[in-house]
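Novice: My structure file data-v4.csv, CSV, C-alpha atoms, is below:
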```csv
chain,number,residue,atom,x,y,z
A,1,MET,CA,114.1,84.3,96.5
A,2,ALA,CA,113.4,81.3,94.3
A,3,THR,CA,115.1,81.1,91.0
A,4,ILE,CA,113.2,81.0,87.7
A,5,GLU,CA,114.0,77.3,87.5
A,6,GLU,CA,112.5,76.7,90.9
A,7,MET,CA,109.3,78.6,90.0
A,8,ARG,CA,108.8,76.5,86.8
A,9,LEU,CA,105.6,74.6,86.8
A,10,ASP,CA,104.0,72.4,84.2
A,11,GLY,CA,100.9,72.1,82.2
A,12,ASN,CA,99.0,70.4,85.0
A,13,ALA,CA,99.1,73.7,86.9
A,14,VAL,CA,97.0,75.4,84.3
A,15,ALA,CA,94.5,72.7,83.6
A,16,GLY,CA,91.7,74.9,85.0
A,17,LEU,CA,92.6,77.9,82.8
A,18,LEU,CA,93.0,75.7,79.7
A,19,GLY,CA,89.6,74.3,80.5
A,20,ASP,CA,88.2,77.8,80.3
A,21,VAL,CA,89.9,78.5,76.9
A,22,PHE,CA,89.3,75.2,75.2
A,23,ALA,CA,86.0,74.3,77.0
A,24,GLY,CA,87.3,70.9,78.0
A,25,GLU,CA,90.2,69.0,79.5
A,26,ILE,CA,93.3,69.3,77.3
A,27,THR,CA,96.3,68.6,79.6
A,28,ALA,CA,96.4,65.0,78.2
A,29,ALA,CA,96.1,66.3,74.6
A,30,LEU,CA,99.3,66.1,72.4
A,31,VAL,CA,100.6,69.4,71.2
A,32,SER,CA,103.4,70.0,68.8
A,33,CYS,CA,105.7,73.0,69.1
A,34,ALA,CA,105.6,75.4,66.1
A,35,HIS,CA,109.2,76.3,66.7
A,36,CYS,CA,111.0,72.9,66.9
A,37,GLY,CA,108.2,70.4,66.1
A,38,ALA,CA,108.6,68.4,69.3
A,39,THR,CA,105.4,66.8,70.4
A,40,GLY,CA,104.2,66.0,73.9
A,41,ALA,CA,101.3,66.1,76.3
A,42,VAL,CA,100.2,69.7,77.2
A,43,ALA,CA,100.8,68.7,80.8
A,44,THR,CA,104.6,68.4,80.1
A,45,ALA,CA,105.0,72.0,78.9
A,46,HIS,CA,107.0,74.2,81.2
A,47,VAL,CA,104.7,76.8,82.8
A,48,TYR,CA,105.7,80.2,84.3
A,49,MET,CA,102.9,81.9,86.1
A,50,HIS,CA,104.6,84.1,88.6
A,51,GLY,CA,104.4,87.1,86.3
A,52,PRO,CA,101.2,89.0,85.2
A,53,GLY,CA,100.2,86.3,82.7
A,54,VAL,CA,100.9,82.7,82.1
A,55,VAL,CA,103.6,81.5,79.7
A,56,MET,CA,103.9,77.9,78.5
A,57,ARG,CA,107.1,76.9,76.9
A,58,CYS,CA,108.2,73.8,75.0
A,59,PRO,CA,110.3,71.6,77.3
A,60,ASP,CA,112.6,70.7,74.4
A,61,CYS,CA,113.5,74.1,72.8
A,62,THR,CA,112.0,76.5,75.4
A,63,GLY,CA,110.1,78.3,72.7
A,64,VAL,CA,106.8,79.9,73.7
A,65,VAL,CA,103.9,77.7,72.9
A,66,MET,CA,101.0,79.5,74.5
A,67,ARG,CA,100.5,82.7,76.5
A,68,PHE,CA,97.5,83.8,78.5
A,69,ALA,CA,96.6,87.0,80.2
A,70,GLN,CA,93.5,88.4,81.9
A,71,VAL,CA,93.0,92.0,81.2
A,72,ARG,CA,90.0,94.0,82.5
A,73,GLY,CA,87.7,90.9,82.6
A,74,ARG,CA,88.9,89.6,79.2
A,75,LEU,CA,91.0,86.5,78.7
A,76,LEU,CA,93.6,86.8,76.0
A,77,ALA,CA,95.1,83.7,74.5
A,78,ASP,CA,98.1,83.8,72.2
A,79,LEU,CA,98.5,80.3,70.5
A,80,HIS,CA,101.0,81.1,67.8
A,81,GLY,CA,103.5,78.6,69.1
A,82,VAL,CA,101.1,75.7,68.7
A,83,GLY,CA,101.8,73.6,65.6
A,84,ARG,CA,99.1,71.0,65.9
A,85,MET,CA,96.9,69.5,68.6
A,86,GLU,CA,95.6,66.0,68.9
A,87,LEU,CA,93.0,65.0,71.5
A,88,SER,CA,90.4,62.4,72.2
A,89,ALA,CA,87.3,63.1,70.2
A,90,PRO,CA,84.3,63.9,72.5
B,1,MET,CA,92.0,67.5,110.0
B,2,ARG,CA,95.5,68.2,111.1
B,3,GLU,CA,98.0,65.9,109.3
B,4,THR,CA,101.4,67.4,110.5
B,5,PRO,CA,102.4,70.5,112.4
B,6,SER,CA,102.2,72.4,109.0
B,7,ALA,CA,99.6,70.6,107.0
B,8,ALA,CA,96.0,69.9,107.2
B,9,THR,CA,93.4,67.9,105.2
B,10,LEU,CA,90.2,69.7,104.3
B,11,VAL,CA,87.2,67.8,103.2
B,12,LEU,CA,85.1,69.9,100.8
B,13,GLY,CA,81.4,69.5,100.3
B,14,VAL,CA,80.8,70.4,96.7
B,15,GLU,CA,77.2,70.4,95.5
B,16,GLY,CA,76.9,68.5,92.3
B,17,TRP,CA,80.5,67.1,92.4
B,18,PRO,CA,80.9,65.1,89.3
B,19,GLY,CA,83.4,62.7,90.8
B,20,HIS,CA,87.1,62.7,90.1
B,21,ARG,CA,90.0,60.5,89.0
B,22,ALA,CA,93.0,59.7,91.2
B,23,GLY,CA,95.7,62.3,90.6
B,24,GLN,CA,93.4,65.2,89.6
B,25,HIS,CA,93.4,68.5,91.3
B,26,MET,CA,91.1,71.4,91.8
B,27,ASP,CA,91.4,75.2,91.9
B,28,LEU,CA,90.3,77.2,95.0
B,29,ARG,CA,89.5,80.8,94.9
B,30,LEU,CA,89.3,82.9,98.0
B,31,THR,CA,88.0,86.5,98.1
B,32,ALA,CA,88.9,88.9,100.9
B,33,GLU,CA,86.5,91.4,102.3
B,34,ASP,CA,88.1,94.1,100.2
B,35,GLY,CA,87.5,92.1,97.0
B,36,TYR,CA,91.1,90.9,96.6
B,37,GLN,CA,91.1,87.4,95.1
B,38,ALA,CA,93.7,84.7,95.3
B,39,GLN,CA,93.5,81.4,93.4
B,40,ARG,CA,95.5,78.3,94.1
B,41,SER,CA,95.5,74.7,92.8
B,42,TYR,CA,95.5,71.8,95.1
B,43,SER,CA,95.8,68.1,94.5
B,44,ILE,CA,92.9,65.9,95.6
B,45,SER,CA,94.1,63.4,98.1
B,46,SER,CA,90.9,61.3,98.5
B,47,ALA,CA,90.1,58.4,96.3
B,48,PRO,CA,87.3,58.7,93.8
B,49,GLU,CA,85.4,56.1,95.9
B,50,ASP,CA,85.5,58.3,98.9
B,51,GLY,CA,82.9,60.6,97.4
B,52,GLY,CA,83.5,64.4,97.7
B,53,PRO,CA,87.0,65.7,97.4
B,54,ALA,CA,89.6,66.2,100.2
B,55,ILE,CA,92.7,68.3,99.7
B,56,THR,CA,95.8,68.3,101.8
B,57,VAL,CA,97.4,71.8,102.2
B,58,GLU,CA,100.9,72.5,103.4
B,59,ARG,CA,101.3,75.9,105.1
B,60,LEU,CA,103.9,78.1,103.3
B,61,GLU,CA,105.0,80.7,105.8
B,62,ASP,CA,104.9,83.6,103.3
B,63,GLY,CA,101.8,82.3,101.6
B,64,GLU,CA,98.6,84.2,101.1
B,65,VAL,CA,96.2,81.3,101.0
B,66,SER,CA,97.7,78.2,102.7
B,67,PRO,CA,98.0,79.8,106.2
B,68,TYR,CA,94.3,80.5,106.1
B,69,LEU,CA,93.4,77.0,104.9
B,70,VAL,CA,95.7,75.2,107.4
B,71,ASP,CA,95.1,77.3,110.5
B,72,ASP,CA,92.0,79.4,110.2
B,73,ALA,CA,89.4,77.6,108.0
B,74,GLN,CA,86.4,76.4,109.9
B,75,ALA,CA,83.9,73.8,109.1
B,76,GLY,CA,81.1,75.6,107.2
B,77,ASP,CA,83.4,78.1,105.6
B,78,PHE,CA,82.7,78.7,101.9
B,79,VAL,CA,85.3,78.8,99.1
B,80,GLU,CA,84.9,78.9,95.4
B,81,VAL,CA,86.1,75.8,93.6
B,82,ARG,CA,86.7,74.7,90.1
B,83,GLY,CA,87.3,71.1,89.2
B,84,PRO,CA,88.2,68.4,89.1
B,85,VAL,CA,90.8,69.5,86.6
B,86,GLY,CA,93.6,67.7,84.8
B,87,GLY,CA,93.5,64.4,82.9
B,88,TRP,CA,97.1,63.5,82.4
B,89,PHE,CA,98.6,63.0,85.8
B,90,VAL,CA,96.0,60.4,86.7
B,91,TRP,CA,95.9,56.7,87.4
B,92,ASP,CA,93.1,54.3,87.2
B,93,ALA,CA,93.4,50.7,88.5
B,94,SER,CA,92.4,49.4,85.0
B,95,GLN,CA,95.6,50.9,83.6
B,96,GLY,CA,97.6,48.4,85.6
B,97,GLY,CA,101.2,48.6,86.6
B,98,PRO,CA,103.7,47.9,87.9
B,99,LEU,CA,103.4,51.3,89.6
B,100,PHE,CA,106.2,53.4,91.0
B,101,LEU,CA,105.2,56.5,92.9
B,102,VAL,CA,107.7,59.1,94.0
B,103,ALA,CA,106.7,61.9,96.3
B,104,GLY,CA,108.6,64.9,97.6
B,105,GLY,CA,106.9,66.5,100.6
B,106,SER,CA,103.2,67.4,100.0
B,107,GLY,CA,103.6,65.9,96.5
B,108,LEU,CA,102.4,62.8,98.3
B,109,ALA,CA,98.8,64.1,98.1
B,110,PRO,CA,97.8,63.0,94.5
B,111,LEU,CA,99.8,59.8,94.9
B,112,MET,CA,97.8,59.1,98.1
B,113,ALA,CA,94.6,59.4,96.0
B,114,MET,CA,96.1,56.7,93.7
B,115,LEU,CA,97.0,54.4,96.6
B,116,ARG,CA,93.6,54.9,98.2
B,117,HIS,CA,92.0,54.2,94.8
B,118,ARG,CA,94.1,51.1,94.4
B,119,ALA,CA,92.9,49.8,97.8
B,120,HIS,CA,89.2,50.6,97.1
B,121,ALA,CA,89.4,48.9,93.7
B,122,GLY,CA,90.9,45.7,95.2
B,123,SER,CA,93.9,46.1,92.8
B,124,ASP,CA,96.9,43.9,93.4
B,125,VAL,CA,99.1,45.9,91.0
B,126,GLU,CA,102.7,45.7,92.1
B,127,THR,CA,103.3,49.1,93.7
B,128,THR,CA,106.2,50.9,95.2
B,129,LEU,CA,106.1,54.2,96.9
B,130,LEU,CA,109.2,56.3,97.6
B,131,VAL,CA,108.5,59.3,99.8
B,132,SER,CA,110.8,62.0,100.8
B,133,ALA,CA,110.1,64.1,103.9
B,134,ARG,CA,112.2,66.6,105.9
B,135,ARG,CA,111.5,65.0,109.3
B,136,PRO,CA,109.4,62.2,110.5
B,137,GLU,CA,106.8,64.6,111.9
B,138,ASP,CA,106.5,66.1,108.4
B,139,LEU,CA,105.5,62.8,106.8
B,140,LEU,CA,101.9,63.0,105.6
B,141,TYR,CA,99.5,60.1,106.2
B,142,ALA,CA,102.2,58.3,108.2
B,143,SER,CA,100.1,55.8,110.0
B,144,GLU,CA,98.0,55.1,106.8
B,145,LEU,CA,101.3,54.4,104.9
B,146,ASN,CA,102.2,51.7,107.5
B,147,ALA,CA,98.9,50.0,106.9
B,148,LEU,CA,98.8,49.9,103.1
B,149,ASP,CA,98.2,46.4,101.9
B,150,GLY,CA,100.7,45.0,99.3
B,151,VAL,CA,102.5,48.2,98.7
B,152,ARG,CA,106.3,48.5,99.3
B,153,VAL,CA,106.9,51.8,101.0
B,154,GLU,CA,110.3,53.4,101.3
B,155,ARG,CA,110.8,56.6,103.2
B,156,THR,CA,113.8,58.9,103.2
B,157,PHE,CA,114.3,61.8,105.7
B,158,THR,CA,116.4,64.7,104.4
B,159,ARG,CA,116.8,66.8,107.6
B,160,ALA,CA,116.3,64.6,110.6
B,161,ALA,CA,115.6,60.9,110.9
B,162,PRO,CA,113.9,59.0,113.7
B,163,GLU,CA,116.1,57.7,116.5
B,164,GLY,CA,117.7,54.4,115.5
B,165,TRP,CA,116.6,54.9,111.9
B,166,THR,CA,118.5,52.5,109.5
B,167,GLY,CA,116.6,53.6,106.3
B,168,TYR,CA,117.5,56.4,103.9
B,169,ALA,CA,118.4,59.8,105.3
B,170,ARG,CA,119.3,61.9,102.3
B,171,ARG,CA,117.7,63.5,99.3
B,172,VAL,CA,116.5,61.1,96.6
B,173,ASP,CA,119.5,60.4,94.3
B,174,ARG,CA,120.3,58.0,91.4
B,175,ASP,CA,121.7,55.3,93.8
B,176,MET,CA,118.5,55.3,95.8
B,177,LEU,CA,116.3,55.1,92.7
B,178,ALA,CA,118.4,52.2,91.4
B,179,GLU,CA,117.7,50.3,94.7
B,180,VAL,CA,114.1,51.2,95.0
B,181,ALA,CA,112.6,51.6,91.5
B,182,PRO,CA,111.0,48.6,89.8
B,183,ALA,CA,112.5,47.6,86.4
B,184,PRO,CA,112.0,49.9,83.4
B,185,GLY,CA,108.5,49.5,82.0
B,186,ALA,CA,106.7,50.5,85.2
B,187,ARG,CA,104.3,53.4,85.2
B,188,VAL,CA,106.0,56.2,87.1
B,189,TYR,CA,104.3,59.2,88.8
B,190,VAL,CA,106.5,61.8,90.3
B,191,CYS,CA,105.1,64.8,92.3
B,192,GLY,CA,106.8,67.4,94.4
B,193,PRO,CA,108.8,70.6,94.2
B,194,THR,CA,110.1,71.5,90.8
B,195,GLY,CA,113.8,70.6,91.5
B,196,PHE,CA,112.8,67.3,93.1
B,197,VAL,CA,110.6,66.3,90.2
B,198,GLU,CA,113.1,67.2,87.5
B,199,GLY,CA,115.9,65.5,89.3
B,200,VAL,CA,114.0,62.2,89.9
B,201,ALA,CA,112.8,62.2,86.3
B,202,GLU,CA,116.3,62.7,84.9
B,203,ASN,CA,117.7,60.0,87.1
B,204,LEU,CA,115.0,57.5,86.1
B,205,VAL,CA,115.7,58.1,82.4
B,206,ALA,CA,119.4,57.6,83.1
B,207,LEU,CA,118.5,54.3,84.7
B,208,GLY,CA,116.7,53.2,81.6
B,209,HIS,CA,113.1,54.2,82.2
B,210,ASP,CA,111.2,55.4,79.1
B,211,PRO,CA,110.4,59.1,79.4
B,212,SER,CA,106.9,58.3,78.0
B,213,ARG,CA,106.2,56.1,81.1
B,214,ILE,CA,107.1,58.9,83.5
B,215,ARG,CA,104.4,61.4,84.4
B,216,THR,CA,105.4,64.4,86.4
B,217,GLU,CA,103.7,67.2,88.3
B,218,ARG,CA,105.6,70.1,89.7
B,219,PHE,CA,104.5,72.1,92.7
B,220,GLY,CA,106.9,74.9,92.2
B,221,ALA,CA,108.7,76.9,94.9
B,222,THR,CA,106.3,79.8,95.5
B,223,GLY,CA,102.6,80.5,95.5
B,224,GLY,CA,101.3,79.3,98.8
```
Starting from the file, lay out its structure as structure tokens.
Specialist:
Amino acid sequence: MATIEEMRLDGNAVAGLLGDVFAGEITAALVSCAHCGATGAVATAHVYMHGPGVVMRCPDCTGVVMRFAQVRGRLLADLHGVGRMELSAP
Amino acid sequence: MRETPSAATLVLGVEGWPGHRAGQHMDLRLTAEDGYQAQRSYSISSAPEDGGPAITVERLEDGEVSPYLVDDAQAGDFVEVRGPVGGWFVWDASQGGPLFLVAGGSGLAPLMAMLRHRAHAGSDVETTLLVSARRPEDLLYASELNALDGVRVERTFTRAAPEGWTGYARRVDRDMLAEVAPAPGARVYVCGPTGFVEGVAENLVALGHDPSRIRTERFGATGG
């Protein structure tokens, strides 16, 4: 059985899902963590997707930055751990 | 196309494919007859200049999707795709270098797209590839790696090396990176299993590389 650490992925792995939520490519966007203030590319977030939903955590403080779940055909997004986002203007 | 005993490259004909960037990936969704769906993400191994996307899939023995793709998929089969996706783990020749690519196992796939793009673009960016494979027969694109023009290729084999092999025969460690990596300042792309990627990135930072120049993509340990 793989450990939690071995199952850890990163923001690259949820580029498609994030594209559905934000209607565009945001893995290269900068996001700041609402818990500790650390800022980095969305792609560098730690991602755990072996459970029923997707959890993205700050690589610095491990606080939850975003959570996603699909329930009965609805996509739920919890973004309370996002402080600020910065991306290329379209 | 069979690459190794456990990996195959699939060329996908996607209607209206918008083109991709080297390093991007795509999501595949398979639906079983009973409606059960499984989705997986695969790196694109072909260069943007090659046209439609090709993916290289490694068979994971307890996987739900990869055994089908590696062993059973036939020309003409249909799969649902989404992509290309990702815009961070990408390299375009215009970004320049020097370039240091570090691959663990099938983590070579997106880096191969970068190497193929480099060749198509006629780029002479100083490029070093360090690739780790379990055994010689597990090394993806082995003959193509021998023929890359102007790229320093270093291989390490972690389980069994070829007879008479005098190169590296251990997991990538700090000493190896100190010998192989270009000086700090190079653009670094690391792709492979989670432990491999995190270990390489930590060691490169310890060797003086700026974390902001190191881009990583983890494959994880499960999924398949």
Novice: Just want the 7 Å neighbourhood of stretch 17-28 of chain B, counted on all atoms listed in the file, with same-chain residues fewer than 2 positions away dropped. Output as a PyMOL selection string.
Specialist: (chain A and resi 16) or (chain B and resi 14-15+30+39-44+47-48+51-52+79-87+89-92+110-111+113-114+117)
Novice: Specify as number ranges by chain all residues of chain A found within 10 Å of chain B, counting all atoms listed in the file.
Specialist: A: 1-19, 24-29, 40-44, 46-50
Novice: Would you compute the distance between atom CA of B:Ala93 and atom CA of B:Leu12? Give it in Å to one decimal.
Specialist: 24.3 Å
Novice: Do you have the atom CA of B:Val57-atom CA of B:Glu163 distance handy?
Specialist: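 So the two atoms, atom CA of B:Val57 and atom CA of B:Glu163, lie 27.4 Å apart.
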Novice: Can you work out which one of A:Ala45, A:Val21, A:Leu76, A:Met85 has the shortest atom-to-atom distance to A:Asp60, counting all atoms listed in the file?
Specialist: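 Checking each of A:Ala45, A:Val21, A:Leu76, A:Met85 against A:Asp60, counting all atoms listed in the file, the winner is A:Ala45.
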Novice: What is the distance, in Å and to one decimal place, between atom CA of A:Cys36 and atom CA of A:Arg57?
Specialist: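 About the pair atom CA of A:Cys36 and atom CA of A:Arg57: they are 11.5 Å apart.
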Novice: Can you tell me, as a PyMOL selection string, what residues are no more than 8 Å from B:Thr4 when counting all atoms listed in the file, ignoring any on the same chain fewer than 6 positions away?
Specialist: chain B and resi 137-140
Novice: Leaving out stretch 199-210 of chain B and any residue of its chain fewer than 4 positions from it, which residues lie within 8 Å of it when counting all atoms listed in the file, given as a PyMOL selection string?
Specialist: chain B and resi 172-174+177-178+183-186+190+195+214+216
Novice: Hey, which of B:Gly63, B:Ser132, B:Ala32, B:Val102 ends up closest to B:Ala161? Count all atoms listed in the file.
Specialist: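 The shortest atom-to-atom distance to B:Ala161 comes from B:Ser132.
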Novice: Counting all atoms listed in the file, which of B:Asp62, B:Asp72, B:Asp124, B:Glu33 gets nearest to B:Leu148?
Specialist: B:Asp124
Novice: Applying 8 Å and only C-alpha atoms, which residues near A:Gly37 remain after dropping the ones on its own chain fewer than 4 positions away? List them as a PyMOL selection string.
Specialist: chain A and resi 32-33+83
Novice: Need the neighbours of (100.3, 81.6, 71.9): which residues are at most 7 Å away, counting only C-alpha atoms, as a count of residues only?
Specialist: 10
Novice: Regenerate stretch 190-217 of chain B at the level of N, CA and C atoms and dump it as a PDB file, in the frame of the given file.
Specialist:
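Here's the written file result05.pdb:
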```pdb
ATOM      1  N   VAL B 190     105.623  61.071  89.457  1.00  0.00           N
ATOM      2  CA  VAL B 190     106.500  61.800  90.300  1.00  0.00           C
ATOM      3  C   VAL B 190     105.832  63.167  90.652  1.00  0.00           C
ATOM      4  N   CYS B 191     105.703  63.509  91.933  1.00  0.00           N
ATOM      5  CA  CYS B 191     105.100  64.800  92.300  1.00  0.00           C
ATOM      6  C   CYS B 191     105.841  65.401  93.463  1.00  0.00           C
ATOM      7  N   GLY B 192     106.101  66.690  93.358  1.00  0.00           N
ATOM      8  CA  GLY B 192     106.800  67.400  94.400  1.00  0.00           C
ATOM      9  C   GLY B 192     107.289  68.736  93.943  1.00  0.00           C
ATOM     10  N   PRO B 193     108.211  69.344  94.693  1.00  0.00           N
ATOM     11  CA  PRO B 193     108.800  70.600  94.200  1.00  0.00           C
ATOM     12  C   PRO B 193     109.496  70.443  92.904  1.00  0.00           C
ATOM     13  N   THR B 194     109.592  71.525  92.149  1.00  0.00           N
ATOM     14  CA  THR B 194     110.100  71.500  90.800  1.00  0.00           C
ATOM     15  C   THR B 194     111.486  70.783  90.701  1.00  0.00           C
ATOM     16  N   GLY B 195     112.433  71.192  91.539  1.00  0.00           N
ATOM     17  CA  GLY B 195     113.800  70.600  91.500  1.00  0.00           C
ATOM     18  C   GLY B 195     113.763  69.120  91.784  1.00  0.00           C
ATOM     19  N   PHE B 196     112.947  68.726  92.749  1.00  0.00           N
ATOM     20  CA  PHE B 196     112.800  67.300  93.100  1.00  0.00           C
ATOM     21  C   PHE B 196     112.300  66.503  91.921  1.00  0.00           C
ATOM     22  N   VAL B 197     111.219  66.978  91.323  1.00  0.00           N
ATOM     23  CA  VAL B 197     110.600  66.300  90.200  1.00  0.00           C
ATOM     24  C   VAL B 197     111.522  66.115  89.037  1.00  0.00           C
ATOM     25  N   GLU B 198     112.178  67.214  88.672  1.00  0.00           N
ATOM     26  CA  GLU B 198     113.100  67.200  87.500  1.00  0.00           C
ATOM     27  C   GLU B 198     114.265  66.280  87.752  1.00  0.00           C
ATOM     28  N   GLY B 199     114.800  66.316  88.988  1.00  0.00           N
ATOM     29  CA  GLY B 199     115.900  65.500  89.300  1.00  0.00           C
ATOM     30  C   GLY B 199     115.571  63.985  89.276  1.00  0.00           C
ATOM     31  N   VAL B 200     114.423  63.633  89.850  1.00  0.00           N
ATOM     32  CA  VAL B 200     114.000  62.200  89.900  1.00  0.00           C
ATOM     33  C   VAL B 200     113.758  61.746  88.438  1.00  0.00           C
ATOM     34  N   ALA B 201     113.076  62.568  87.632  1.00  0.00           N
ATOM     35  CA  ALA B 201     112.800  62.200  86.300  1.00  0.00           C
ATOM     36  C   ALA B 201     114.059  61.948  85.458  1.00  0.00           C
ATOM     37  N   GLU B 202     115.004  62.872  85.592  1.00  0.00           N
ATOM     38  CA  GLU B 202     116.300  62.700  84.900  1.00  0.00           C
ATOM     39  C   GLU B 202     117.012  61.468  85.278  1.00  0.00           C
ATOM     40  N   ASN B 203     117.038  61.194  86.579  1.00  0.00           N
ATOM     41  CA  ASN B 203     117.700  60.000  87.100  1.00  0.00           C
ATOM     42  C   ASN B 203     117.064  58.721  86.603  1.00  0.00           C
ATOM     43  N   LEU B 204     115.745  58.721  86.576  1.00  0.00           N
ATOM     44  CA  LEU B 204     115.000  57.500  86.100  1.00  0.00           C
ATOM     45  C   LEU B 204     115.314  57.255  84.642  1.00  0.00           C
ATOM     46  N   VAL B 205     115.344  58.315  83.850  1.00  0.00           N
ATOM     47  CA  VAL B 205     115.700  58.100  82.400  1.00  0.00           C
ATOM     48  C   VAL B 205     117.081  57.600  82.279  1.00  0.00           C
ATOM     49  N   ALA B 206     117.997  58.125  83.106  1.00  0.00           N
ATOM     50  CA  ALA B 206     119.400  57.600  83.100  1.00  0.00           C
ATOM     51  C   ALA B 206     119.468  56.171  83.459  1.00  0.00           C
ATOM     52  N   LEU B 207     118.510  55.728  84.283  1.00  0.00           N
ATOM     53  CA  LEU B 207     118.500  54.300  84.700  1.00  0.00           C
ATOM     54  C   LEU B 207     117.761  53.425  83.729  1.00  0.00           C
ATOM     55  N   GLY B 208     117.320  53.995  82.608  1.00  0.00           N
ATOM     56  CA  GLY B 208     116.700  53.200  81.600  1.00  0.00           C
ATOM     57  C   GLY B 208     115.225  53.238  81.453  1.00  0.00           C
ATOM     58  N   HIS B 209     114.592  54.095  82.258  1.00  0.00           N
ATOM     59  CA  HIS B 209     113.100  54.200  82.200  1.00  0.00           C
ATOM     60  C   HIS B 209     112.770  55.081  80.961  1.00  0.00           C
ATOM     61  N   ASP B 210     111.715  54.667  80.265  1.00  0.00           N
ATOM     62  CA  ASP B 210     111.200  55.400  79.100  1.00  0.00           C
ATOM     63  C   ASP B 210     110.553  56.672  79.533  1.00  0.00           C
ATOM     64  N   PRO B 211     111.008  57.833  79.012  1.00  0.00           N
ATOM     65  CA  PRO B 211     110.400  59.100  79.400  1.00  0.00           C
ATOM     66  C   PRO B 211     108.846  59.079  79.232  1.00  0.00           C
ATOM     67  N   SER B 212     108.364  58.324  78.256  1.00  0.00           N
ATOM     68  CA  SER B 212     106.900  58.300  78.000  1.00  0.00           C
ATOM     69  C   SER B 212     106.152  57.577  79.101  1.00  0.00           C
ATOM     70  N   ARG B 213     106.864  56.831  79.953  1.00  0.00           N
ATOM     71  CA  ARG B 213     106.200  56.100  81.100  1.00  0.00           C
ATOM     72  C   ARG B 213     106.257  56.938  82.354  1.00  0.00           C
ATOM     73  N   ILE B 214     106.926  58.080  82.303  1.00  0.00           N
ATOM     74  CA  ILE B 214     107.100  58.900  83.500  1.00  0.00           C
ATOM     75  C   ILE B 214     106.208  60.110  83.442  1.00  0.00           C
ATOM     76  N   ARG B 215     105.295  60.223  84.383  1.00  0.00           N
ATOM     77  CA  ARG B 215     104.400  61.400  84.400  1.00  0.00           C
ATOM     78  C   ARG B 215     104.788  62.238  85.637  1.00  0.00           C
ATOM     79  N   THR B 216     104.913  63.514  85.395  1.00  0.00           N
ATOM     80  CA  THR B 216     105.400  64.400  86.400  1.00  0.00           C
ATOM     81  C   THR B 216     104.433  65.528  86.719  1.00  0.00           C
ATOM     82  N   GLU B 217     104.432  65.983  87.961  1.00  0.00           N
ATOM     83  CA  GLU B 217     103.700  67.200  88.300  1.00  0.00           C
ATOM     84  C   GLU B 217     104.482  67.995  89.291  1.00  0.00           C
TER      85      GLU B 217
END
```
